[in-house]
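Asker: A single structure is presented below for examination.
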Amino acid sequence: MAVQSDSELVSFQGWTLRVRPASQGPARLLVLVHGWTGDENSMWVFTRNLRPDYWLIAPRAPYATQPGGFSWRPERSSEHGWPTFEDLKPGIAALLVLADAYAAEEQLDAGQFDAMGFSQGAALVAAMALLHPQRIGRVAMMAGFIPPGAESMAETHPFEGKPFFIAHGTQDPRVPVENARAAVKVLQKAGARVTYCEDNVAHKLSLNCLRALEAFFA
């Protein structure tokens, strides 16, 4: 899998990260959250044209999966389905601790940071923003969903004016596009300003939606 040549692999407080420091300041932290069976290399295909003041970190999720890769929730011995809001809470807490510790080490301001996630990672960043709306700025969800159990949090309108980007493929066999359409409704109910991109692809991002993602973070 191709990753940016100016990124580096880092071990930090028990985490494995791939990092691209900002080349201009003031730097803003952008956390890249991979999906189920992904790793710290999975998200870089989405970052090639992001602006140079973004300091990018892509952590490897803490739970190993079979036959390979990593997950933001523990693997179960029986069929368990998609992760619920409760399943993802420990991963969210760990990710926030990581963001704060890494930002302190690098003297970055992580009082509020941006996040993008793919598939399971998209569910995690949506849930993280619902739990901690003051900590998360711009949020991008690709090929993802709102995790079951999180929808009720929209009732409190935590996202007044917060920008969200959602992209999904109409031919996605893993996460049906109806989940993205439902996510738009949940986020708008929560007060978010949603940019939505839908294209005729499977469980990936189309070129049109990649360009829309880049424009969202411009």
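Letters A, B, ... go to the chains of the structure tokens in the order shown; residues in each chain start at 1; ligands are counted from 1 in the same order.
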Check the DSSP output for the backbone and give back, as a ChimeraX atom specification, the residues of stretch 69-210 of chain A in helix (DSSP H, G or I).

Answerer: /A:85-106,120-131,151-156,177-189,207-210

Asker: Could you name the residues that touch A:Ala94 at 10 Å or less, counting only C-alpha atoms, but leaving out those on the same chain fewer than 3 positions away, as an mmCIF file with C-alpha atoms, in the first residue's frame?

Answerer:
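Contents of the output file out.cif:
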```cif
data_model
loop_
_atom_site.group_PDB
_atom_site.id
_atom_site.type_symbol
_atom_site.label_atom_id
_atom_site.label_comp_id
_atom_site.auth_asym_id
_atom_site.auth_seq_id
_atom_site.Cartn_x
_atom_site.Cartn_y
_atom_site.Cartn_z
ATOM 1 C CA ALA A 61 -5.888 0.297 16.252
ATOM 2 C CA PRO A 62 -5.187 -1.614 19.482
ATOM 3 C CA TRP A 72 -11.025 -0.542 17.213
ATOM 4 C CA LYS A 89 -16.190 3.795 23.633
ATOM 5 C CA PRO A 90 -12.892 2.255 24.904
ATOM 6 C CA GLY A 91 -11.235 2.930 21.536
ATOM 7 C CA VAL A 97 -5.526 10.139 25.365
ATOM 8 C CA LEU A 98 -3.155 9.462 22.463
ATOM 9 C CA ALA A 99 -4.023 12.726 20.705
#
```

Asker: Using only C-alpha atoms, which residues sit within 9 Å of A:Leu124 once same-chain residues fewer than 6 positions away are excluded, as a list in words?

Answerer: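 Everything that qualifies: Val33, Trp72, Phe85, Leu88, Lys89, Gly91, Ile92, Gly117, Ile146 and Pro147 of chain A.
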
Asker: Selection from above, N, CA and C atoms, as a short mmCIF file (atom, residue, chain, number, x, y, z; two decimals), in the first residue's frame, can you write it?

Answerer:
```cif
data_model
loop_
_atom_site.label_atom_id
_atom_site.label_comp_id
_atom_site.auth_asym_id
_atom_site.auth_seq_id
_atom_site.Cartn_x
_atom_site.Cartn_y
_atom_site.Cartn_z
N VAL A 33 -8.22 7.63 10.94
CA VAL A 33 -8.67 6.43 11.65
C VAL A 33 -9.07 5.35 10.65
N TRP A 72 -10.81 -1.46 16.10
CA TRP A 72 -11.02 -0.54 17.21
C TRP A 72 -11.89 -1.15 18.31
N PHE A 85 -22.14 1.60 19.59
CA PHE A 85 -21.60 2.77 20.29
C PHE A 85 -20.81 2.33 21.53
N LEU A 88 -17.35 0.84 20.84
CA LEU A 88 -16.32 1.78 20.40
C LEU A 88 -15.84 2.74 21.49
N LYS A 89 -16.55 2.83 22.59
CA LYS A 89 -16.19 3.80 23.63
C LYS A 89 -14.76 3.62 24.16
N GLY A 91 -12.12 2.45 22.59
CA GLY A 91 -11.23 2.93 21.54
C GLY A 91 -11.23 4.44 21.43
N ILE A 92 -12.41 5.05 21.60
CA ILE A 92 -12.51 6.52 21.57
C ILE A 92 -11.70 7.13 22.71
N GLY A 117 -12.24 9.17 9.04
CA GLY A 117 -12.23 7.73 9.25
C GLY A 117 -12.87 7.01 8.09
N ILE A 146 -23.29 5.50 11.30
CA ILE A 146 -23.45 5.90 12.69
C ILE A 146 -23.61 4.62 13.50
N PRO A 147 -22.75 4.37 14.50
CA PRO A 147 -22.86 3.10 15.23
C PRO A 147 -24.17 3.01 16.00
#
```

Asker: Measuring between only C-alpha atoms, which one of A:Leu187, A:Ala101, A:Ala115, A:Ala140 shows the shortest distance to A:Glu160?

Answerer: A:Leu187

Asker: Measuring between only C-alpha atoms, which one of A:Ala127, A:Leu95, A:Val31, A:Ala202 shows the shortest distance to A:Trp15?

Answerer: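 Distance minimum relative to A:Trp15 lands on A:Leu95.
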
Asker: Please list as a ChimeraX atom specification every residue within 10 Å of A:Ile57, counting only C-alpha atoms and excluding residues in the same chain fewer than 3 positions away.

Answerer: /A:7-10,17-21,29-33,40,43-44,54,60,99,102,115

Asker: Restricting it to N, CA and C atoms, dump the selection as a short mmCIF file (atom, residue, chain, number, x, y, z; two decimals), in the first residue's frame.

Answerer:
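File produced: part.cif:
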```
data_model
loop_
_atom_site.label_atom_id
_atom_site.label_comp_id
_atom_site.auth_asym_id
_atom_site.auth_seq_id
_atom_site.Cartn_x
_atom_site.Cartn_y
_atom_site.Cartn_z
N SER A 7 6.08 10.78 5.16
CA SER A 7 5.58 10.29 6.44
C SER A 7 6.62 9.37 7.07
N GLU A 8 6.48 9.14 8.37
CA GLU A 8 7.42 8.28 9.08
C GLU A 8 6.68 7.39 10.07
N LEU A 9 7.24 6.22 10.30
CA LEU A 9 6.68 5.28 11.26
C LEU A 9 7.24 5.61 12.64
N VAL A 10 6.35 5.71 13.63
CA VAL A 10 6.74 6.15 14.96
C VAL A 10 6.13 5.20 16.00
N LEU A 17 2.33 4.45 15.09
CA LEU A 17 1.74 5.54 14.32
C LEU A 17 2.51 5.74 13.03
N ARG A 18 1.80 6.19 12.00
CA ARG A 18 2.48 6.80 10.86
C ARG A 18 2.15 8.28 10.91
N VAL A 19 3.16 9.10 10.77
CA VAL A 19 3.05 10.54 11.03
C VAL A 19 3.61 11.33 9.86
N ARG A 20 2.92 12.42 9.50
CA ARG A 20 3.48 13.40 8.59
C ARG A 20 3.42 14.76 9.27
N PRO A 21 4.57 15.27 9.75
CA PRO A 21 4.55 16.58 10.39
C PRO A 21 4.13 17.67 9.40
N LEU A 29 -3.81 19.56 14.00
CA LEU A 29 -3.77 18.10 14.05
C LEU A 29 -4.96 17.50 13.29
N LEU A 30 -4.67 16.51 12.45
CA LEU A 30 -5.70 15.73 11.76
C LEU A 30 -5.42 14.26 12.03
N VAL A 31 -6.37 13.58 12.67
CA VAL A 31 -6.23 12.17 13.04
C VAL A 31 -6.91 11.31 11.99
N LEU A 32 -6.18 10.33 11.46
CA LEU A 32 -6.66 9.43 10.41
C LEU A 32 -6.98 8.08 11.04
N VAL A 33 -8.22 7.63 10.94
CA VAL A 33 -8.67 6.43 11.65
C VAL A 33 -9.07 5.35 10.65
N GLU A 40 -1.84 1.36 10.28
CA GLU A 40 -1.36 2.74 10.22
C GLU A 40 -1.04 3.21 8.80
N MET A 43 -4.75 4.78 5.55
CA MET A 43 -5.47 6.01 5.27
C MET A 43 -4.73 7.01 4.38
N TRP A 44 -3.48 6.70 4.02
CA TRP A 44 -2.67 7.71 3.35
C TRP A 44 -3.08 7.98 1.91
N TYR A 54 -1.47 20.86 7.97
CA TYR A 54 -2.01 19.72 8.72
C TYR A 54 -0.87 18.83 9.20
N ARG A 60 -2.30 2.84 14.57
CA ARG A 60 -2.75 1.47 14.41
C ARG A 60 -3.72 1.15 15.55
N ALA A 99 -4.09 11.41 21.35
CA ALA A 99 -4.02 12.73 20.70
C ALA A 99 -3.47 13.77 21.66
N TYR A 102 0.39 12.92 22.41
CA TYR A 102 1.25 13.17 21.25
C TYR A 102 1.35 14.67 20.99
N ALA A 115 -10.71 15.12 12.21
CA ALA A 115 -10.61 13.66 12.12
C ALA A 115 -11.27 13.16 10.84
#
```

Asker: Considering only C-alpha atoms, can you say which of A:Gln66, A:Ala122, A:Lys189, A:Thr170 comes closest to A:Glu151?

Answerer: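 Smallest separation from A:Glu151 among the options: A:Lys189.
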
Asker: Taking the DSSP assignment computed from this structure's backbone, write out as a compact mmCIF listing (two decimals) with N, CA and C atoms, in the first residue's frame all residues of stretch 3-138 of chain A that belong to strand (DSSP E).

Answerer:
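Result written to selection_37.txt:
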```
# COMPACT_ATOMS: atom_id res chain seq x y z
N GLU A 8 6.48 9.14 8.37
CA GLU A 8 7.42 8.28 9.08
C GLU A 8 6.68 7.39 10.07
N LEU A 9 7.24 6.22 10.30
CA LEU A 9 6.68 5.28 11.26
C LEU A 9 7.24 5.61 12.64
N VAL A 10 6.35 5.71 13.63
CA VAL A 10 6.74 6.15 14.96
C VAL A 10 6.13 5.20 16.00
N SER A 11 6.90 4.88 17.04
CA SER A 11 6.38 4.21 18.22
C SER A 11 6.24 5.24 19.33
N PHE A 12 5.05 5.32 19.92
CA PHE A 12 4.79 6.35 20.91
C PHE A 12 3.88 5.80 22.00
N TRP A 15 1.83 2.81 21.20
CA TRP A 15 1.12 2.89 19.93
C TRP A 15 2.11 2.82 18.77
N THR A 16 1.64 2.28 17.65
CA THR A 16 2.34 2.40 16.39
C THR A 16 1.61 3.42 15.53
N LEU A 17 2.33 4.45 15.09
CA LEU A 17 1.74 5.54 14.32
C LEU A 17 2.51 5.74 13.03
N ARG A 18 1.80 6.19 12.00
CA ARG A 18 2.48 6.80 10.86
C ARG A 18 2.15 8.28 10.91
N VAL A 19 3.16 9.10 10.77
CA VAL A 19 3.05 10.54 11.03
C VAL A 19 3.61 11.33 9.86
N ARG A 20 2.92 12.42 9.50
CA ARG A 20 3.48 13.40 8.59
C ARG A 20 3.42 14.76 9.27
N ARG A 28 -2.17 22.27 12.51
CA ARG A 28 -3.44 21.76 13.03
C ARG A 28 -3.41 20.24 12.93
N LEU A 29 -3.81 19.56 14.00
CA LEU A 29 -3.77 18.10 14.05
C LEU A 29 -4.96 17.50 13.29
N LEU A 30 -4.67 16.51 12.45
CA LEU A 30 -5.70 15.73 11.76
C LEU A 30 -5.42 14.26 12.03
N VAL A 31 -6.37 13.58 12.67
CA VAL A 31 -6.23 12.17 13.04
C VAL A 31 -6.91 11.31 11.99
N LEU A 32 -6.18 10.33 11.46
CA LEU A 32 -6.66 9.43 10.41
C LEU A 32 -6.98 8.08 11.04
N VAL A 33 -8.22 7.63 10.94
CA VAL A 33 -8.67 6.43 11.65
C VAL A 33 -9.07 5.35 10.65
N TYR A 54 -1.47 20.86 7.97
CA TYR A 54 -2.01 19.72 8.72
C TYR A 54 -0.87 18.83 9.20
N TRP A 55 -0.88 18.53 10.48
CA TRP A 55 0.02 17.54 11.06
C TRP A 55 -0.79 16.25 11.16
N LEU A 56 -0.44 15.26 10.36
CA LEU A 56 -1.23 14.04 10.22
C LEU A 56 -0.68 12.93 11.11
N ILE A 57 -1.57 12.28 11.86
CA ILE A 57 -1.19 11.07 12.58
C ILE A 57 -2.20 9.97 12.27
N ALA A 58 -1.68 8.78 11.98
CA ALA A 58 -2.52 7.61 11.66
C ALA A 58 -2.14 6.48 12.62
N PRO A 59 -2.88 6.29 13.69
CA PRO A 59 -2.55 5.24 14.65
C PRO A 59 -3.06 3.86 14.21
N TYR A 63 -6.48 -3.56 18.67
CA TYR A 63 -6.89 -4.96 18.73
C TYR A 63 -6.58 -5.67 17.42
N ALA A 64 -5.81 -6.76 17.49
CA ALA A 64 -5.48 -7.55 16.30
C ALA A 64 -6.70 -8.31 15.81
N PHE A 70 -6.06 -4.84 12.06
CA PHE A 70 -6.39 -4.37 13.41
C PHE A 70 -7.80 -3.78 13.45
N SER A 71 -8.33 -3.68 14.67
CA SER A 71 -9.71 -3.23 14.87
C SER A 71 -9.76 -2.29 16.07
N PHE A 113 -9.26 19.21 17.36
CA PHE A 113 -8.57 18.68 16.19
C PHE A 113 -9.58 18.12 15.21
N ASP A 114 -9.12 17.87 13.98
CA ASP A 114 -9.97 17.32 12.93
C ASP A 114 -9.75 15.82 12.82
N ALA A 115 -10.71 15.12 12.21
CA ALA A 115 -10.61 13.66 12.12
C ALA A 115 -11.27 13.16 10.84
N MET A 116 -10.67 12.13 10.27
CA MET A 116 -11.33 11.42 9.17
C MET A 116 -11.21 9.93 9.42
N GLY A 117 -12.24 9.17 9.04
CA GLY A 117 -12.23 7.73 9.25
C GLY A 117 -12.87 7.01 8.09
N PHE A 118 -12.45 5.76 7.91
CA PHE A 118 -12.97 4.92 6.85
C PHE A 118 -13.64 3.69 7.46
N ILE A 136 -13.69 18.01 18.68
CA ILE A 136 -13.54 17.65 17.27
C ILE A 136 -14.05 18.79 16.40
N GLY A 137 -13.25 19.19 15.40
CA GLY A 137 -13.64 20.25 14.48
C GLY A 137 -14.32 19.70 13.25
N ARG A 138 -13.57 19.55 12.18
CA ARG A 138 -14.11 19.00 10.93
C ARG A 138 -14.02 17.48 10.98
```
